Amino acid sequence: MTPHIEAKNGDFAKTVLMPGDPKRSAFIAETYLEEPRLVNNLRGVQGYTGTYKGVPVSVMASGMGIPSISIYAHELYTLYGVENIIRIGSAGALKEELQLGSVVAGMSACTDSNVTSQLELGAYYAPTADYTLLETAVQQARALGVTMPVGPIYSSDVFYDAANRAQRMAKLGVLAVEMEAAGLYVAAAQAGKRALAICSISDNVITGEAMNGKDRETTFHDMITIALETARSMEMRPQYKKIRTLARRSS
């Protein structure tokens with residue numbers, strides 16, 4: 001156990017999907033996973049492990065913001081043997097043509113957070129997704145017939161953007177604004193693990209359109225399916241099969 005996770009060793013699959021909202025975590029587990037079991041409910045942050053098309057997958061909420069996801073990601077990577085974390089959350093579109101419910105993948109994450117200063121590099125670190133996860137997600141989206149733009153996203157510490165930074169980010173080609181990806185990418189880099197943010201558009205900063213709270217909690221089917229298929233594909237990769245075989249032999 002940690003101060004934030006009460007699960008036991010082996011409770012989490014190698015790939016964890018991370019929505020921000022605990023209710024969305026429960027919805028995904030109950031709707032998409034076979035035989036899900038609750039492995040964490042400490043602080044009301046629900047985590048489940050089940051199977052998807054026969055492959056073990058976990059889903060656990062991250063809470064809101066970079067500090068929260070950084071804690072959970074660090075503990076999952078370093079204490080629970082998790083190899084891949086895929087953030088699945090909502091984002092505000094910074095492109096007029098991005099419709100509500102559409103999906104984007106964050107190749108990199110600009111941020112106004114001070115999260116990279118902890119690295120003490122003497123330089124600015126650019127939080128970036130893992131290429132293998134990103135490439136796999138793109139392949140799965142294409143197979144599902146889902147258009148998924150790939151590019152930079154903006155992880156902000158501020159929800160109510162009084163300075164209109166998001167509008168200025170839009171002029172630099174940034175696809176969407178959210179609040180967690182940069183922290184996740186830094187945690188993955190520190191642990192030598194993989195991370196990717198796949199976000200579904202819940203509102204459009206440019207047009208002013210927005211989903212209601214209930215739709216944010218229970219929709220986003222395309223995003224969730226892409227993430228699950230990516231998790232399944234990663235589990236079926238030859239190196240994962242080799243690891244499992246060696247583990248069985250050693251036991």
# chains A, B, ... in the order shown; residues from 1 in each chain; ligands from 1
call {"tool": "residues_around", "arguments": {"residues": "range 108-125 of chain A", "least_positions_apart": "5", "cutoff": "12 Å", "atoms": "only C-alpha atoms", "output": "PyMOL selection string"}}
result
chain A and resi 65-71+130-131+134+150-159+161+163+165-166+169-170+172-187+189-190+195-198
call {"tool": "write_last_selection", "arguments": {"atoms": "N, CA and C atoms", "output": "compact mmCIF listing (two decimals), in the first residue's frame"}}
result
# COMPACT_ATOMS: atom_id res chain seq x y z
N GLY A 65 -5.63 17.45 -12.55
CA GLY A 65 -4.42 18.25 -12.54
C GLY A 65 -3.13 17.45 -12.53
N ILE A 66 -2.05 18.15 -12.87
CA ILE A 66 -0.73 17.53 -12.96
C ILE A 66 -0.23 16.97 -11.63
N PRO A 67 -0.37 17.67 -10.49
CA PRO A 67 0.11 17.08 -9.24
C PRO A 67 -0.54 15.73 -8.93
N SER A 68 -1.85 15.62 -9.18
CA SER A 68 -2.55 14.38 -8.86
C SER A 68 -2.11 13.23 -9.75
N ILE A 69 -2.11 13.44 -11.07
CA ILE A 69 -1.73 12.34 -11.96
C ILE A 69 -0.26 11.98 -11.78
N SER A 70 0.58 12.95 -11.42
CA SER A 70 2.01 12.66 -11.21
C SER A 70 2.22 11.69 -10.05
N ILE A 71 1.44 11.86 -8.99
CA ILE A 71 1.54 10.96 -7.84
C ILE A 71 1.12 9.54 -8.23
N ASP A 130 5.19 8.35 -25.60
CA ASP A 130 5.98 7.22 -26.09
C ASP A 130 5.56 6.90 -27.52
N TYR A 131 6.55 6.75 -28.40
CA TYR A 131 6.24 6.57 -29.81
C TYR A 131 5.53 5.24 -30.07
N LEU A 134 1.97 5.61 -29.14
CA LEU A 134 1.31 6.52 -30.08
C LEU A 134 1.07 5.85 -31.42
N VAL A 150 -3.22 13.94 -34.56
CA VAL A 150 -2.09 13.78 -33.65
C VAL A 150 -1.28 15.07 -33.66
N GLY A 151 -0.90 15.55 -32.50
CA GLY A 151 -0.11 16.77 -32.44
C GLY A 151 0.10 17.21 -31.01
N PRO A 152 0.61 18.43 -30.82
CA PRO A 152 0.82 18.93 -29.46
C PRO A 152 -0.49 19.28 -28.77
N ILE A 153 -0.55 19.02 -27.48
CA ILE A 153 -1.66 19.48 -26.65
C ILE A 153 -1.08 20.36 -25.55
N TYR A 154 -1.95 21.05 -24.85
CA TYR A 154 -1.53 22.02 -23.84
C TYR A 154 -2.07 21.60 -22.48
N SER A 155 -1.15 21.26 -21.56
CA SER A 155 -1.54 20.88 -20.20
C SER A 155 -1.43 22.10 -19.30
N SER A 156 -2.58 22.62 -18.90
CA SER A 156 -2.60 23.85 -18.12
C SER A 156 -2.91 23.58 -16.65
N ASP A 157 -2.31 24.36 -15.77
CA ASP A 157 -2.66 24.32 -14.35
C ASP A 157 -3.91 25.15 -14.07
N VAL A 158 -4.39 25.86 -15.07
CA VAL A 158 -5.50 26.79 -14.88
C VAL A 158 -6.70 26.35 -15.70
N PHE A 159 -7.85 26.17 -15.05
CA PHE A 159 -9.07 25.82 -15.77
C PHE A 159 -9.76 27.06 -16.32
N ASP A 161 -9.19 30.28 -17.73
CA ASP A 161 -8.02 30.89 -18.37
C ASP A 161 -8.23 32.38 -18.58
N ALA A 163 -6.08 34.70 -18.70
CA ALA A 163 -5.06 35.30 -19.56
C ALA A 163 -5.19 34.88 -21.03
N ARG A 165 -4.37 32.16 -22.49
CA ARG A 165 -3.20 31.49 -23.03
C ARG A 165 -3.56 30.44 -24.07
N ALA A 166 -4.69 29.75 -23.84
CA ALA A 166 -5.10 28.70 -24.78
C ALA A 166 -5.30 29.27 -26.18
N MET A 169 -1.97 29.60 -27.68
CA MET A 169 -1.45 28.29 -28.04
C MET A 169 -2.06 27.80 -29.35
N ALA A 170 -3.32 28.12 -29.57
CA ALA A 170 -4.00 27.69 -30.80
C ALA A 170 -3.27 28.21 -32.03
N LEU A 172 -0.23 28.49 -32.44
CA LEU A 172 1.00 27.72 -32.64
C LEU A 172 0.72 26.29 -33.09
N GLY A 173 -0.54 25.99 -33.39
CA GLY A 173 -0.89 24.67 -33.90
C GLY A 173 -1.22 23.65 -32.83
N VAL A 174 -1.39 24.09 -31.58
CA VAL A 174 -1.75 23.17 -30.50
C VAL A 174 -3.21 22.74 -30.68
N LEU A 175 -3.47 21.43 -30.55
CA LEU A 175 -4.78 20.87 -30.87
C LEU A 175 -5.83 21.14 -29.80
N ALA A 176 -5.44 21.00 -28.53
CA ALA A 176 -6.44 21.03 -27.46
C ALA A 176 -5.78 21.34 -26.13
N VAL A 177 -6.59 21.75 -25.17
CA VAL A 177 -6.10 22.05 -23.83
C VAL A 177 -6.72 21.09 -22.82
N GLU A 178 -5.89 20.58 -21.90
CA GLU A 178 -6.35 19.70 -20.82
C GLU A 178 -5.45 19.96 -19.62
N MET A 179 -5.42 19.08 -18.62
CA MET A 179 -4.74 19.44 -17.38
C MET A 179 -3.80 18.37 -16.81
N GLU A 180 -3.52 17.30 -17.56
CA GLU A 180 -2.75 16.20 -16.95
C GLU A 180 -1.58 15.66 -17.79
N ALA A 181 -1.63 15.72 -19.10
CA ALA A 181 -0.70 14.95 -19.94
C ALA A 181 0.77 15.24 -19.65
N ALA A 182 1.13 16.49 -19.46
CA ALA A 182 2.54 16.83 -19.24
C ALA A 182 3.08 16.14 -17.99
N GLY A 183 2.29 16.13 -16.92
CA GLY A 183 2.72 15.46 -15.70
C GLY A 183 2.90 13.97 -15.90
N LEU A 184 1.99 13.36 -16.65
CA LEU A 184 2.10 11.93 -16.95
C LEU A 184 3.35 11.63 -17.77
N TYR A 185 3.61 12.45 -18.78
CA TYR A 185 4.77 12.22 -19.64
C TYR A 185 6.09 12.36 -18.87
N VAL A 186 6.14 13.30 -17.94
CA VAL A 186 7.34 13.47 -17.12
C VAL A 186 7.52 12.27 -16.19
N ALA A 187 6.43 11.81 -15.58
CA ALA A 187 6.51 10.65 -14.68
C ALA A 187 6.99 9.41 -15.44
N ALA A 189 8.85 9.36 -18.17
CA ALA A 189 10.26 9.53 -18.53
C ALA A 189 11.16 9.23 -17.33
N GLN A 190 10.76 9.70 -16.16
CA GLN A 190 11.55 9.45 -14.96
C GLN A 190 11.64 7.97 -14.63
N ALA A 195 3.94 6.28 -21.84
CA ALA A 195 2.73 7.05 -21.56
C ALA A 195 2.19 7.67 -22.84
N LEU A 196 0.88 7.83 -22.86
CA LEU A 196 0.20 8.48 -23.98
C LEU A 196 -1.10 9.11 -23.46
N ALA A 197 -1.44 10.26 -23.99
CA ALA A 197 -2.73 10.89 -23.69
C ALA A 197 -3.59 10.87 -24.94
N ILE A 198 -4.75 10.23 -24.81
CA ILE A 198 -5.78 10.26 -25.85
C ILE A 198 -6.96 11.00 -25.25
call {"tool": "residues_around", "arguments": {"residues": "range 13-18 of chain A", "least_positions_apart": "6", "cutoff": "10 Å", "atoms": "only C-alpha atoms", "output": "PyMOL selection string"}}
result
chain A and resi 24-25+28+47-51+55-63+69+72-73+76-77+80-89+194-198+224+227-228+230-232+234-235+240
call {"tool": "write_last_selection", "arguments": {"atoms": "C-alpha atoms", "output": "PDB file, in the first residue's frame"}}
result
ATOM      1  CA  ARG A  24     -15.755   7.465 -15.374  1.00  0.00           C
ATOM      2  CA  SER A  25     -13.319   4.817 -14.142  1.00  0.00           C
ATOM      3  CA  ILE A  28     -15.442   2.054 -18.128  1.00  0.00           C
ATOM      4  CA  GLY A  47      -9.220   1.437  -9.706  1.00  0.00           C
ATOM      5  CA  TYR A  48     -10.355  -1.770 -11.415  1.00  0.00           C
ATOM      6  CA  THR A  49      -8.687  -4.689 -13.143  1.00  0.00           C
ATOM      7  CA  GLY A  50     -10.445  -6.984 -15.583  1.00  0.00           C
ATOM      8  CA  THR A  51      -9.936  -8.313 -19.063  1.00  0.00           C
ATOM      9  CA  VAL A  55      -6.241  -9.487 -22.128  1.00  0.00           C
ATOM     10  CA  PRO A  56      -5.691  -8.032 -18.624  1.00  0.00           C
ATOM     11  CA  VAL A  57      -6.347  -4.279 -18.469  1.00  0.00           C
ATOM     12  CA  SER A  58      -6.697  -1.900 -15.534  1.00  0.00           C
ATOM     13  CA  VAL A  59      -8.480   1.426 -15.276  1.00  0.00           C
ATOM     14  CA  MET A  60      -7.980   3.902 -12.448  1.00  0.00           C
ATOM     15  CA  ALA A  61      -8.832   7.553 -11.989  1.00  0.00           C
ATOM     16  CA  SER A  62      -6.054  10.123 -11.783  1.00  0.00           C
ATOM     17  CA  GLY A  63      -7.936  13.000 -10.218  1.00  0.00           C
ATOM     18  CA  ILE A  69      -1.729  12.338 -11.961  1.00  0.00           C
ATOM     19  CA  TYR A  72      -0.568   8.084  -9.152  1.00  0.00           C
ATOM     20  CA  ALA A  73       1.561   7.527 -12.244  1.00  0.00           C
ATOM     21  CA  LEU A  76       1.957   2.698 -10.550  1.00  0.00           C
ATOM     22  CA  TYR A  77       5.198   2.750 -12.535  1.00  0.00           C
ATOM     23  CA  TYR A  80       3.184  -1.794  -9.051  1.00  0.00           C
ATOM     24  CA  GLY A  81       5.099  -2.827 -12.173  1.00  0.00           C
ATOM     25  CA  VAL A  82       2.870  -0.930 -14.604  1.00  0.00           C
ATOM     26  CA  GLU A  83       4.531  -0.453 -18.003  1.00  0.00           C
ATOM     27  CA  ASN A  84       2.000   1.658 -19.913  1.00  0.00           C
ATOM     28  CA  ILE A  85      -0.384   4.386 -18.804  1.00  0.00           C
ATOM     29  CA  ILE A  86      -2.870   5.787 -21.282  1.00  0.00           C
ATOM     30  CA  ARG A  87      -4.631   8.929 -20.147  1.00  0.00           C
ATOM     31  CA  ILE A  88      -8.197   9.018 -21.424  1.00  0.00           C
ATOM     32  CA  GLY A  89      -9.821  12.298 -20.591  1.00  0.00           C
ATOM     33  CA  ARG A 194       5.510   4.451 -21.549  1.00  0.00           C
ATOM     34  CA  ALA A 195       2.729   7.047 -21.555  1.00  0.00           C
ATOM     35  CA  LEU A 196       0.197   8.479 -23.976  1.00  0.00           C
ATOM     36  CA  ALA A 197      -2.727  10.892 -23.686  1.00  0.00           C
ATOM     37  CA  ILE A 198      -5.775  10.262 -25.851  1.00  0.00           C
ATOM     38  CA  ILE A 224     -12.121   4.467 -24.763  1.00  0.00           C
ATOM     39  CA  ALA A 227      -7.268   2.996 -25.702  1.00  0.00           C
ATOM     40  CA  LEU A 228      -8.507  -0.527 -24.959  1.00  0.00           C
ATOM     41  CA  THR A 230      -4.064  -0.174 -27.862  1.00  0.00           C
ATOM     42  CA  ALA A 231      -3.710  -1.896 -24.480  1.00  0.00           C
ATOM     43  CA  ARG A 232      -4.656  -5.215 -26.036  1.00  0.00           C
ATOM     44  CA  MET A 234       0.639  -3.857 -26.489  1.00  0.00           C
ATOM     45  CA  GLU A 235      -0.048  -6.969 -24.415  1.00  0.00           C
ATOM     46  CA  TYR A 240       5.391  -9.100 -23.605  1.00  0.00           C
TER      47      TYR A 240
END
call {"tool": "closest_residue", "arguments": {"among": "A:Pro149, A:Leu133, A:Gly54, A:Ala105", "to": "Glu34 in chain A", "atoms": "only C-alpha atoms"}}
result
A:Gly54
call {"tool": "select_by_dssp", "arguments": {"residues": "range 2-240 of chain A", "states": "helix (DSSP H, G or I)", "output": "PyMOL selection string"}}
result
chain A and resi 22-32+42-44+66-79+115-119+131-144+165-170+181-191+213-218+221-235+238-240
call {"tool": "write_last_selection", "arguments": {"atoms": "C-alpha atoms", "output": "compact mmCIF listing (two decimals), in the first residue's frame"}}
result
# COMPACT_ATOMS: atom_id res chain seq x y z
CA PRO A 22 -13.52 8.18 -10.54
CA LYS A 23 -17.09 7.79 -11.84
CA ARG A 24 -15.75 7.47 -15.37
CA SER A 25 -13.32 4.82 -14.14
CA ALA A 26 -16.23 2.80 -12.75
CA PHE A 27 -18.26 3.33 -15.92
CA ILE A 28 -15.44 2.05 -18.13
CA ALA A 29 -14.80 -0.99 -15.94
CA GLU A 30 -18.47 -1.95 -15.77
CA THR A 31 -19.17 -1.27 -19.45
CA TYR A 32 -16.06 -2.49 -21.26
CA LEU A 42 -8.59 4.76 -1.27
CA ARG A 43 -9.65 8.44 -1.16
CA GLY A 44 -12.51 7.48 -3.46
CA ILE A 66 -0.73 17.53 -12.96
CA PRO A 67 0.11 17.08 -9.24
CA SER A 68 -2.55 14.38 -8.86
CA ILE A 69 -1.73 12.34 -11.96
CA SER A 70 2.01 12.66 -11.21
CA ILE A 71 1.54 10.96 -7.84
CA TYR A 72 -0.57 8.08 -9.15
CA ALA A 73 1.56 7.53 -12.24
CA HIS A 74 4.79 7.48 -10.22
CA GLU A 75 3.42 4.90 -7.81
CA LEU A 76 1.96 2.70 -10.55
CA TYR A 77 5.20 2.75 -12.53
CA THR A 78 7.67 2.31 -9.69
CA LEU A 79 5.77 0.22 -7.11
CA VAL A 115 6.51 20.21 -13.19
CA THR A 116 9.70 19.89 -15.26
CA SER A 117 11.73 22.06 -12.86
CA GLN A 118 12.04 19.10 -10.47
CA LEU A 119 14.33 17.46 -13.04
CA TYR A 131 6.24 6.57 -29.81
CA THR A 132 5.33 2.87 -29.62
CA LEU A 133 2.11 3.63 -27.75
CA LEU A 134 1.31 6.52 -30.08
CA GLU A 135 1.95 4.51 -33.23
CA THR A 136 -0.16 1.64 -31.89
CA ALA A 137 -3.04 3.99 -31.02
CA VAL A 138 -2.94 5.54 -34.50
CA GLN A 139 -3.11 2.07 -36.05
CA GLN A 140 -6.06 1.11 -33.85
CA ALA A 141 -7.92 4.34 -34.59
CA ARG A 142 -7.44 3.76 -38.31
CA ALA A 143 -8.69 0.17 -38.00
CA LEU A 144 -11.79 1.43 -36.16
CA ARG A 165 -3.20 31.49 -23.03
CA ALA A 166 -5.10 28.70 -24.78
CA GLN A 167 -6.09 31.09 -27.57
CA ARG A 168 -2.42 31.96 -28.10
CA MET A 169 -1.45 28.29 -28.04
CA ALA A 170 -4.00 27.69 -30.80
CA ALA A 181 -0.70 14.95 -19.94
CA ALA A 182 2.54 16.83 -19.24
CA GLY A 183 2.72 15.46 -15.70
CA LEU A 184 2.10 11.93 -16.95
CA TYR A 185 4.77 12.22 -19.64
CA VAL A 186 7.34 13.47 -17.12
CA ALA A 187 6.51 10.65 -14.68
CA ALA A 188 6.91 8.08 -17.47
CA ALA A 189 10.26 9.53 -18.53
CA GLN A 190 11.55 9.45 -14.96
CA ALA A 191 10.51 5.82 -14.56
CA GLY A 213 -21.51 17.01 -17.19
CA LYS A 214 -23.41 13.75 -17.71
CA ASP A 215 -22.14 13.35 -21.27
CA ARG A 216 -18.58 13.93 -20.08
CA GLU A 217 -19.01 11.11 -17.55
CA THR A 218 -20.60 8.43 -19.73
CA HIS A 221 -16.83 5.65 -26.72
CA ASP A 222 -14.30 6.15 -29.54
CA MET A 223 -11.56 7.34 -27.19
CA ILE A 224 -12.12 4.47 -24.76
CA THR A 225 -12.20 1.83 -27.51
CA ILE A 226 -8.98 3.13 -29.09
CA ALA A 227 -7.27 3.00 -25.70
CA LEU A 228 -8.51 -0.53 -24.96
CA GLU A 229 -7.46 -1.81 -28.36
CA THR A 230 -4.06 -0.17 -27.86
CA ALA A 231 -3.71 -1.90 -24.48
CA ARG A 232 -4.66 -5.21 -26.04
CA SER A 233 -2.19 -4.75 -28.89
CA MET A 234 0.64 -3.86 -26.49
CA GLU A 235 -0.05 -6.97 -24.41
CA PRO A 238 6.26 -10.47 -28.81
CA GLN A 239 8.37 -8.95 -26.00
CA TYR A 240 5.39 -9.10 -23.61
call {"tool": "atom_distance", "arguments": {"atom1": "CA of Ser102 in chain A", "atom2": "CA of Lys171 in chain A"}}
result
20.2 Å
call {"tool": "atom_distance", "arguments": {"atom1": "CA of Ser90 in chain A", "atom2": "CA of Cys199 in chain A"}}
result
5.3 Å
